[in-house]
Amino acid sequence: MGRVVIGMDPHKRSATVEVIDEREQMLAKGRYGTDTDGYQQMLAAGRHFPDRIWAVEGCAGIGRHIAQRLVADGEPVLDVPAKLSARVRVFHTGQGRKTDPVDAHSVAVAGLRTPGLRAVTVNDATVALRLLVDRRDELGRSRTETVSRIHHLLLELIPGGAKKFLTRGQASYLLRTAPEPVGILARTRHDLARELIDELTVIDAKIRAADKQLRQLVSAAGSSLRDLNGIGPSGAARLIGDIGDVARFGSAAHFASPNGTAPIEASSGDQRRHRLSRLGNRRINRVLHIMAIVQLRHDTPGRAYYRRRIAEGKTTMEALRALKRHLSDVVYKQMLRDATRNRAGGTGPAGQSGATLQSSADGPIPTAATSDKSQPGPASGKPRTKLAATP
């Protein structure tokens, strides 16, 4: 028997599999639970085929838990993007109906016919960073919500309310110096505001602890991303956790497409134009956006790049998007340098020894092509034409 592909459509509590050979002939199929007994039955059924490889849909999402268990048991696993299996399903004889067996067959065919799919590996350090930065983002959202509620109450207790950017100490001072509450309604508002300020104190302490832990893990990963202006511990952890091994991106342009900074070509005839991409990993895109905003607030190379784009006739939004595209290249090159240095020192992409060059199951899937090219390297020594001073 030749090589077989075991396609899997995973869910939280069950997984549907189909085994096909190199001619796409179905050899076996079944539906198994994802509990201990069901997983062992599925694993035993798959091991009936000596030369096998598992193709699992969505190893960065719902399929992560089952893919990681298979890899831990020494099974070879390929990550099949959901968009790719959906394209295969369009050509199925069932008129594109979406059922679990059809999905498993589509995943198996995609795993068989698509070259260059990512092999899933275990990378505990990367997963740990993702978990911690997700928790840090949750704390940030909780703090924003709490401050908003404090603002609402202070507006009723203090004429004019409080300023926009409010710290715990400022809110506590305003509440202490507010007029003495009179009546049950005012006292209730006062008590709720005091309770929310106490909650804000706890949240701020958790944020400080989370940032400290992220700084330690980012440093242990051998990353120098924090040396870039505009990237803090949370942003560096998000980039490392979501990207995994940056070497899986063949170029800076390939990296820009899945993070949403590469524009999408929308040309027609002789008209050449591009439009904003809203695809890709929006969390990485957000890190690049914050990085761009921070650089614009200070005298940085990013601000100089932005001003050159404005001088070329671009609008402020177009110049900002161009800056984000440029910073995507900067981050890519920095992560490549870190990866090269870490491998030379005997560590993997996340700073852990023994890690392979394969991507983990937790990174975004670079499926979209880019319509933009990498930014050029350093400028040559040719003199620039000086722009006239703006009156």
# chains A, B, ... in the order shown; residues from 1 in each chain; ligands from 1
call {"tool": "select_by_dssp", "arguments": {"residues": "stretch 129-223 of chain A", "states": "alpha helix (DSSP H)", "output": "PDB file with N, CA and C atoms, in the first residue's frame"}}
result
ATOM      1  N   LEU A 129       3.275  32.312  25.066  1.00  0.00           N
ATOM      2  CA  LEU A 129       3.213  33.741  24.777  1.00  0.00           C
ATOM      3  C   LEU A 129       1.834  34.143  24.283  1.00  0.00           C
ATOM      4  N   ARG A 130       1.242  33.327  23.429  1.00  0.00           N
ATOM      5  CA  ARG A 130      -0.097  33.647  22.925  1.00  0.00           C
ATOM      6  C   ARG A 130      -1.118  33.671  24.053  1.00  0.00           C
ATOM      7  N   LEU A 131      -1.044  32.712  24.951  1.00  0.00           N
ATOM      8  CA  LEU A 131      -1.992  32.668  26.057  1.00  0.00           C
ATOM      9  C   LEU A 131      -1.860  33.901  26.940  1.00  0.00           C
ATOM     10  N   LEU A 132      -0.614  34.282  27.240  1.00  0.00           N
ATOM     11  CA  LEU A 132      -0.401  35.418  28.124  1.00  0.00           C
ATOM     12  C   LEU A 132      -0.786  36.734  27.468  1.00  0.00           C
ATOM     13  N   VAL A 133      -0.480  36.891  26.173  1.00  0.00           N
ATOM     14  CA  VAL A 133      -0.827  38.145  25.524  1.00  0.00           C
ATOM     15  C   VAL A 133      -2.333  38.244  25.301  1.00  0.00           C
ATOM     16  N   ASP A 134      -3.010  37.114  25.112  1.00  0.00           N
ATOM     17  CA  ASP A 134      -4.473  37.139  25.047  1.00  0.00           C
ATOM     18  C   ASP A 134      -5.056  37.608  26.376  1.00  0.00           C
ATOM     19  N   ARG A 135      -4.477  37.117  27.484  1.00  0.00           N
ATOM     20  CA  ARG A 135      -4.933  37.542  28.803  1.00  0.00           C
ATOM     21  C   ARG A 135      -4.646  39.029  29.013  1.00  0.00           C
ATOM     22  N   ARG A 136      -3.499  39.491  28.535  1.00  0.00           N
ATOM     23  CA  ARG A 136      -3.164  40.916  28.667  1.00  0.00           C
ATOM     24  C   ARG A 136      -4.155  41.771  27.882  1.00  0.00           C
ATOM     25  N   ASP A 137      -4.552  41.336  26.720  1.00  0.00           N
ATOM     26  CA  ASP A 137      -5.550  42.077  25.938  1.00  0.00           C
ATOM     27  C   ASP A 137      -6.900  42.106  26.651  1.00  0.00           C
ATOM     28  N   GLU A 138      -7.269  40.997  27.283  1.00  0.00           N
ATOM     29  CA  GLU A 138      -8.519  40.959  28.040  1.00  0.00           C
ATOM     30  C   GLU A 138      -8.485  41.957  29.192  1.00  0.00           C
ATOM     31  N   LEU A 139      -7.342  42.038  29.875  1.00  0.00           N
ATOM     32  CA  LEU A 139      -7.216  42.999  30.976  1.00  0.00           C
ATOM     33  C   LEU A 139      -7.323  44.428  30.466  1.00  0.00           C
ATOM     34  N   GLY A 140      -6.738  44.690  29.288  1.00  0.00           N
ATOM     35  CA  GLY A 140      -6.839  46.027  28.713  1.00  0.00           C
ATOM     36  C   GLY A 140      -8.271  46.410  28.385  1.00  0.00           C
ATOM     37  N   ARG A 141      -9.015  45.459  27.811  1.00  0.00           N
ATOM     38  CA  ARG A 141     -10.427  45.744  27.513  1.00  0.00           C
ATOM     39  C   ARG A 141     -11.230  45.931  28.789  1.00  0.00           C
ATOM     40  N   SER A 142     -10.935  45.136  29.805  1.00  0.00           N
ATOM     41  CA  SER A 142     -11.645  45.268  31.080  1.00  0.00           C
ATOM     42  C   SER A 142     -11.353  46.617  31.730  1.00  0.00           C
ATOM     43  N   ARG A 143     -10.112  47.072  31.613  1.00  0.00           N
ATOM     44  CA  ARG A 143      -9.770  48.372  32.192  1.00  0.00           C
ATOM     45  C   ARG A 143     -10.508  49.504  31.462  1.00  0.00           C
ATOM     46  N   THR A 144     -10.557  49.429  30.143  1.00  0.00           N
ATOM     47  CA  THR A 144     -11.259  50.455  29.373  1.00  0.00           C
ATOM     48  C   THR A 144     -12.733  50.518  29.763  1.00  0.00           C
ATOM     49  N   GLU A 145     -13.354  49.364  29.914  1.00  0.00           N
ATOM     50  CA  GLU A 145     -14.763  49.320  30.294  1.00  0.00           C
ATOM     51  C   GLU A 145     -14.973  49.889  31.691  1.00  0.00           C
ATOM     52  N   THR A 146     -14.071  49.546  32.623  1.00  0.00           N
ATOM     53  CA  THR A 146     -14.207  50.043  33.999  1.00  0.00           C
ATOM     54  C   THR A 146     -14.037  51.551  34.061  1.00  0.00           C
ATOM     55  N   VAL A 147     -13.040  52.081  33.354  1.00  0.00           N
ATOM     56  CA  VAL A 147     -12.829  53.533  33.342  1.00  0.00           C
ATOM     57  C   VAL A 147     -14.028  54.238  32.722  1.00  0.00           C
ATOM     58  N   SER A 148     -14.615  53.655  31.692  1.00  0.00           N
ATOM     59  CA  SER A 148     -15.795  54.257  31.070  1.00  0.00           C
ATOM     60  C   SER A 148     -16.956  54.346  32.061  1.00  0.00           C
ATOM     61  N   ARG A 149     -17.138  53.309  32.848  1.00  0.00           N
ATOM     62  CA  ARG A 149     -18.224  53.330  33.838  1.00  0.00           C
ATOM     63  C   ARG A 149     -17.940  54.343  34.942  1.00  0.00           C
ATOM     64  N   ILE A 150     -16.655  54.489  35.326  1.00  0.00           N
ATOM     65  CA  ILE A 150     -16.304  55.504  36.322  1.00  0.00           C
ATOM     66  C   ILE A 150     -16.587  56.901  35.778  1.00  0.00           C
ATOM     67  N   HIS A 151     -16.250  57.131  34.529  1.00  0.00           N
ATOM     68  CA  HIS A 151     -16.539  58.419  33.892  1.00  0.00           C
ATOM     69  C   HIS A 151     -18.029  58.737  33.956  1.00  0.00           C
ATOM     70  N   HIS A 152     -18.831  57.730  33.651  1.00  0.00           N
ATOM     71  CA  HIS A 152     -20.276  57.946  33.633  1.00  0.00           C
ATOM     72  C   HIS A 152     -20.791  58.352  35.013  1.00  0.00           C
ATOM     73  N   LEU A 153     -20.278  57.722  36.061  1.00  0.00           N
ATOM     74  CA  LEU A 153     -20.733  58.035  37.418  1.00  0.00           C
ATOM     75  C   LEU A 153     -20.194  59.383  37.887  1.00  0.00           C
ATOM     76  N   LEU A 154     -18.921  59.687  37.582  1.00  0.00           N
ATOM     77  CA  LEU A 154     -18.352  60.966  38.014  1.00  0.00           C
ATOM     78  C   LEU A 154     -19.045  62.140  37.342  1.00  0.00           C
ATOM     79  N   LEU A 155     -19.548  61.931  36.128  1.00  0.00           N
ATOM     80  CA  LEU A 155     -20.270  63.000  35.451  1.00  0.00           C
ATOM     81  C   LEU A 155     -21.517  63.398  36.226  1.00  0.00           C
ATOM     82  N   GLU A 156     -22.115  62.439  36.919  1.00  0.00           N
ATOM     83  CA  GLU A 156     -23.304  62.731  37.725  1.00  0.00           C
ATOM     84  C   GLU A 156     -22.945  63.265  39.108  1.00  0.00           C
ATOM     85  N   LEU A 157     -21.705  63.010  39.558  1.00  0.00           N
ATOM     86  CA  LEU A 157     -21.307  63.423  40.911  1.00  0.00           C
ATOM     87  C   LEU A 157     -20.536  64.734  40.931  1.00  0.00           C
ATOM     88  N   ARG A 168      -6.233  55.677  38.218  1.00  0.00           N
ATOM     89  CA  ARG A 168      -6.904  55.286  39.449  1.00  0.00           C
ATOM     90  C   ARG A 168      -6.739  56.360  40.529  1.00  0.00           C
ATOM     91  N   GLY A 169      -5.512  56.910  40.657  1.00  0.00           N
ATOM     92  CA  GLY A 169      -5.275  57.933  41.667  1.00  0.00           C
ATOM     93  C   GLY A 169      -6.094  59.189  41.417  1.00  0.00           C
ATOM     94  N   GLN A 170      -6.206  59.610  40.177  1.00  0.00           N
ATOM     95  CA  GLN A 170      -6.994  60.803  39.853  1.00  0.00           C
ATOM     96  C   GLN A 170      -8.471  60.573  40.146  1.00  0.00           C
ATOM     97  N   ALA A 171      -8.990  59.384  39.777  1.00  0.00           N
ATOM     98  CA  ALA A 171     -10.392  59.082  40.045  1.00  0.00           C
ATOM     99  C   ALA A 171     -10.668  59.056  41.543  1.00  0.00           C
ATOM    100  N   SER A 172      -9.742  58.488  42.310  1.00  0.00           N
ATOM    101  CA  SER A 172      -9.925  58.439  43.759  1.00  0.00           C
ATOM    102  C   SER A 172      -9.909  59.842  44.364  1.00  0.00           C
ATOM    103  N   TYR A 173      -9.018  60.691  43.885  1.00  0.00           N
ATOM    104  CA  TYR A 173      -8.953  62.074  44.392  1.00  0.00           C
ATOM    105  C   TYR A 173     -10.232  62.833  44.059  1.00  0.00           C
ATOM    106  N   LEU A 174     -10.727  62.695  42.841  1.00  0.00           N
ATOM    107  CA  LEU A 174     -11.945  63.389  42.451  1.00  0.00           C
ATOM    108  C   LEU A 174     -13.134  62.945  43.286  1.00  0.00           C
ATOM    109  N   LEU A 175     -13.170  61.654  43.590  1.00  0.00           N
ATOM    110  CA  LEU A 175     -14.295  61.153  44.383  1.00  0.00           C
ATOM    111  C   LEU A 175     -14.208  61.654  45.822  1.00  0.00           C
ATOM    112  N   ARG A 176     -12.984  61.729  46.372  1.00  0.00           N
ATOM    113  CA  ARG A 176     -12.829  62.219  47.747  1.00  0.00           C
ATOM    114  C   ARG A 176     -13.183  63.692  47.863  1.00  0.00           C
ATOM    115  N   GLY A 183     -28.986  62.181  49.512  1.00  0.00           N
ATOM    116  CA  GLY A 183     -30.048  61.368  48.945  1.00  0.00           C
ATOM    117  C   GLY A 183     -29.552  59.989  48.552  1.00  0.00           C
ATOM    118  N   ILE A 184     -30.498  59.071  48.433  1.00  0.00           N
ATOM    119  CA  ILE A 184     -30.134  57.683  48.152  1.00  0.00           C
ATOM    120  C   ILE A 184     -29.502  57.511  46.764  1.00  0.00           C
ATOM    121  N   LEU A 185     -29.955  58.304  45.783  1.00  0.00           N
ATOM    122  CA  LEU A 185     -29.412  58.170  44.432  1.00  0.00           C
ATOM    123  C   LEU A 185     -27.949  58.596  44.391  1.00  0.00           C
ATOM    124  N   ALA A 186     -27.624  59.747  44.984  1.00  0.00           N
ATOM    125  CA  ALA A 186     -26.249  60.239  44.993  1.00  0.00           C
ATOM    126  C   ALA A 186     -25.344  59.299  45.782  1.00  0.00           C
ATOM    127  N   ARG A 187     -25.832  58.784  46.919  1.00  0.00           N
ATOM    128  CA  ARG A 187     -25.021  57.870  47.725  1.00  0.00           C
ATOM    129  C   ARG A 187     -24.757  56.566  46.965  1.00  0.00           C
ATOM    130  N   THR A 188     -25.763  56.110  46.235  1.00  0.00           N
ATOM    131  CA  THR A 188     -25.575  54.881  45.451  1.00  0.00           C
ATOM    132  C   THR A 188     -24.528  55.085  44.370  1.00  0.00           C
ATOM    133  N   ARG A 189     -24.603  56.209  43.678  1.00  0.00           N
ATOM    134  CA  ARG A 189     -23.595  56.501  42.662  1.00  0.00           C
ATOM    135  C   ARG A 189     -22.199  56.586  43.281  1.00  0.00           C
ATOM    136  N   HIS A 190     -22.113  57.233  44.438  1.00  0.00           N
ATOM    137  CA  HIS A 190     -20.821  57.386  45.116  1.00  0.00           C
ATOM    138  C   HIS A 190     -20.258  56.017  45.493  1.00  0.00           C
ATOM    139  N   ASP A 191     -21.089  55.154  46.044  1.00  0.00           N
ATOM    140  CA  ASP A 191     -20.629  53.818  46.443  1.00  0.00           C
ATOM    141  C   ASP A 191     -20.192  52.985  45.232  1.00  0.00           C
ATOM    142  N   LEU A 192     -20.950  53.078  44.131  1.00  0.00           N
ATOM    143  CA  LEU A 192     -20.585  52.328  42.930  1.00  0.00           C
ATOM    144  C   LEU A 192     -19.266  52.829  42.347  1.00  0.00           C
ATOM    145  N   ALA A 193     -19.082  54.157  42.369  1.00  0.00           N
ATOM    146  CA  ALA A 193     -17.828  54.715  41.861  1.00  0.00           C
ATOM    147  C   ALA A 193     -16.652  54.237  42.712  1.00  0.00           C
ATOM    148  N   ARG A 194     -16.813  54.214  44.039  1.00  0.00           N
ATOM    149  CA  ARG A 194     -15.746  53.730  44.913  1.00  0.00           C
ATOM    150  C   ARG A 194     -15.442  52.256  44.637  1.00  0.00           C
ATOM    151  N   GLU A 195     -16.495  51.461  44.414  1.00  0.00           N
ATOM    152  CA  GLU A 195     -16.289  50.042  44.110  1.00  0.00           C
ATOM    153  C   GLU A 195     -15.552  49.858  42.785  1.00  0.00           C
ATOM    154  N   LEU A 196     -15.909  50.659  41.781  1.00  0.00           N
ATOM    155  CA  LEU A 196     -15.239  50.542  40.484  1.00  0.00           C
ATOM    156  C   LEU A 196     -13.784  50.993  40.566  1.00  0.00           C
ATOM    157  N   ILE A 197     -13.497  52.004  41.386  1.00  0.00           N
ATOM    158  CA  ILE A 197     -12.108  52.442  41.556  1.00  0.00           C
ATOM    159  C   ILE A 197     -11.282  51.338  42.210  1.00  0.00           C
ATOM    160  N   ASP A 198     -11.873  50.626  43.158  1.00  0.00           N
ATOM    161  CA  ASP A 198     -11.177  49.476  43.761  1.00  0.00           C
ATOM    162  C   ASP A 198     -10.920  48.390  42.722  1.00  0.00           C
ATOM    163  N   GLU A 199     -11.907  48.156  41.846  1.00  0.00           N
ATOM    164  CA  GLU A 199     -11.703  47.174  40.778  1.00  0.00           C
ATOM    165  C   GLU A 199     -10.594  47.618  39.833  1.00  0.00           C
ATOM    166  N   LEU A 200     -10.536  48.923  39.550  1.00  0.00           N
ATOM    167  CA  LEU A 200      -9.497  49.450  38.679  1.00  0.00           C
ATOM    168  C   LEU A 200      -8.114  49.260  39.291  1.00  0.00           C
ATOM    169  N   THR A 201      -8.028  49.388  40.615  1.00  0.00           N
ATOM    170  CA  THR A 201      -6.750  49.156  41.294  1.00  0.00           C
ATOM    171  C   THR A 201      -6.274  47.722  41.092  1.00  0.00           C
ATOM    172  N   VAL A 202      -7.190  46.773  41.208  1.00  0.00           N
ATOM    173  CA  VAL A 202      -6.839  45.363  41.018  1.00  0.00           C
ATOM    174  C   VAL A 202      -6.430  45.101  39.572  1.00  0.00           C
ATOM    175  N   ILE A 203      -7.184  45.663  38.622  1.00  0.00           N
ATOM    176  CA  ILE A 203      -6.872  45.449  37.198  1.00  0.00           C
ATOM    177  C   ILE A 203      -5.501  46.019  36.853  1.00  0.00           C
ATOM    178  N   ASP A 204      -5.193  47.220  37.351  1.00  0.00           N
ATOM    179  CA  ASP A 204      -3.893  47.834  37.070  1.00  0.00           C
ATOM    180  C   ASP A 204      -2.759  46.979  37.615  1.00  0.00           C
ATOM    181  N   ALA A 205      -2.958  46.384  38.798  1.00  0.00           N
ATOM    182  CA  ALA A 205      -1.919  45.520  39.366  1.00  0.00           C
ATOM    183  C   ALA A 205      -1.723  44.277  38.504  1.00  0.00           C
ATOM    184  N   LYS A 206      -2.815  43.722  37.991  1.00  0.00           N
ATOM    185  CA  LYS A 206      -2.711  42.547  37.124  1.00  0.00           C
ATOM    186  C   LYS A 206      -2.029  42.894  35.797  1.00  0.00           C
ATOM    187  N   ILE A 207      -2.298  44.097  35.275  1.00  0.00           N
ATOM    188  CA  ILE A 207      -1.665  44.521  34.031  1.00  0.00           C
ATOM    189  C   ILE A 207      -0.160  44.667  34.221  1.00  0.00           C
ATOM    190  N   ARG A 208       0.254  45.254  35.348  1.00  0.00           N
ATOM    191  CA  ARG A 208       1.688  45.398  35.615  1.00  0.00           C
ATOM    192  C   ARG A 208       2.363  44.032  35.733  1.00  0.00           C
ATOM    193  N   ALA A 209       1.692  43.100  36.404  1.00  0.00           N
ATOM    194  CA  ALA A 209       2.262  41.753  36.544  1.00  0.00           C
ATOM    195  C   ALA A 209       2.337  41.045  35.190  1.00  0.00           C
ATOM    196  N   ALA A 210       1.297  41.225  34.358  1.00  0.00           N
ATOM    197  CA  ALA A 210       1.291  40.590  33.034  1.00  0.00           C
ATOM    198  C   ALA A 210       2.391  41.169  32.147  1.00  0.00           C
ATOM    199  N   ASP A 211       2.579  42.493  32.192  1.00  0.00           N
ATOM    200  CA  ASP A 211       3.634  43.115  31.394  1.00  0.00           C
ATOM    201  C   ASP A 211       5.016  42.631  31.831  1.00  0.00           C
ATOM    202  N   LYS A 212       5.207  42.482  33.136  1.00  0.00           N
ATOM    203  CA  LYS A 212       6.494  41.990  33.636  1.00  0.00           C
ATOM    204  C   LYS A 212       6.766  40.576  33.145  1.00  0.00           C
ATOM    205  N   GLN A 213       5.734  39.729  33.190  1.00  0.00           N
ATOM    206  CA  GLN A 213       5.900  38.354  32.729  1.00  0.00           C
ATOM    207  C   GLN A 213       6.153  38.297  31.229  1.00  0.00           C
ATOM    208  N   LEU A 214       5.467  39.143  30.470  1.00  0.00           N
ATOM    209  CA  LEU A 214       5.683  39.179  29.024  1.00  0.00           C
ATOM    210  C   LEU A 214       7.090  39.650  28.684  1.00  0.00           C
ATOM    211  N   ARG A 215       7.585  40.653  29.398  1.00  0.00           N
ATOM    212  CA  ARG A 215       8.950  41.114  29.154  1.00  0.00           C
ATOM    213  C   ARG A 215       9.960  39.992  29.383  1.00  0.00           C
ATOM    214  N   GLN A 216       9.747  39.215  30.434  1.00  0.00           N
ATOM    215  CA  GLN A 216      10.661  38.116  30.725  1.00  0.00           C
ATOM    216  C   GLN A 216      10.623  37.048  29.639  1.00  0.00           C
ATOM    217  N   LEU A 217       9.419  36.698  29.188  1.00  0.00           N
ATOM    218  CA  LEU A 217       9.304  35.663  28.161  1.00  0.00           C
ATOM    219  C   LEU A 217       9.838  36.131  26.812  1.00  0.00           C
ATOM    220  N   VAL A 218       9.601  37.391  26.471  1.00  0.00           N
ATOM    221  CA  VAL A 218      10.118  37.916  25.210  1.00  0.00           C
ATOM    222  C   VAL A 218      11.642  37.922  25.231  1.00  0.00           C
ATOM    223  N   SER A 219      12.231  38.307  26.366  1.00  0.00           N
ATOM    224  CA  SER A 219      13.692  38.283  26.477  1.00  0.00           C
ATOM    225  C   SER A 219      14.220  36.856  26.415  1.00  0.00           C
ATOM    226  N   ALA A 220      13.521  35.919  27.066  1.00  0.00           N
ATOM    227  CA  ALA A 220      13.945  34.518  27.023  1.00  0.00           C
ATOM    228  C   ALA A 220      13.843  33.934  25.625  1.00  0.00           C
TER     229      ALA A 220
END
call {"tool": "atom_distance", "arguments": {"atom1": "atom CA of A:Leu84", "atom2": "atom CA of A:Thr34"}}
result
23.9 Å
call {"tool": "atom_distance", "arguments": {"atom1": "atom CA of A:Ala125", "atom2": "atom CA of A:Gln295"}}
result
29.2 Å
call {"tool": "select_by_dssp", "arguments": {"residues": "stretch 192-377 of chain A", "states": "strand (DSSP E or B)", "output": "list in words"}}
result
Ile264, Glu265, Ser268, Gln271, His274, Arg275 and Ser360 of chain A
call {"tool": "residues_around", "arguments": {"residues": "A:Met42", "least_positions_apart": "3", "cutoff": "10 Å", "atoms": "only C-alpha atoms", "output": "PyMOL selection string"}}
result
chain A and resi 15-17+30-34+37-39+45-47
call {"tool": "residues_around", "arguments": {"residues": "A:Ser277", "least_positions_apart": "2", "cutoff": "7 Å", "atoms": "only C-alpha atoms", "output": "PyMOL selection string"}}
result
chain A and resi 260-264+275+279
call {"tool": "write_last_selection", "arguments": {"atoms": "C-alpha atoms", "output": "mmCIF file, in the first residue's frame"}}
result
data_model
loop_
_atom_site.group_PDB
_atom_site.id
_atom_site.type_symbol
_atom_site.label_atom_id
_atom_site.label_comp_id
_atom_site.auth_asym_id
_atom_site.auth_seq_id
_atom_site.Cartn_x
_atom_site.Cartn_y
_atom_site.Cartn_z
ATOM 1 C CA GLY A 260 -3.108 42.847 5.995
ATOM 2 C CA THR A 261 -0.631 45.637 5.192
ATOM 3 C CA ALA A 262 -0.197 44.725 1.514
ATOM 4 C CA PRO A 263 -2.811 46.495 -0.642
ATOM 5 C CA ILE A 264 -5.040 44.466 -2.928
ATOM 6 C CA ARG A 275 -7.463 49.175 -2.461
ATOM 7 C CA LEU A 279 -7.818 40.430 5.200
#
call {"tool": "closest_residue", "arguments": {"among": "A:Arg69, A:Lys29, A:Lys333, A:His289", "to": "A:Val122", "atoms": "only C-alpha atoms"}}
result
A:Arg69
call {"tool": "closest_residue", "arguments": {"among": "A:Ala178, A:Ala86, A:Ile240, A:Ile20", "to": "A:Leu112", "atoms": "only C-alpha atoms"}}
result
A:Ile20
call {"tool": "closest_residue", "arguments": {"among": "A:Pro101, A:Pro258, A:Pro181, A:Gly222", "to": "A:Ala344", "atoms": "only C-alpha atoms"}}
result
A:Gly222
call {"tool": "closest_residue", "arguments": {"among": "A:Val102, A:Phe91, A:Met8, A:Glu18", "to": "A:Glu57", "atoms": "only C-alpha atoms"}}
result
A:Met8
call {"tool": "closest_residue", "arguments": {"among": "A:Gly111, A:Asp9, A:Ala162, A:Thr99", "to": "A:Ile53", "atoms": "only C-alpha atoms"}}
result
A:Gly111
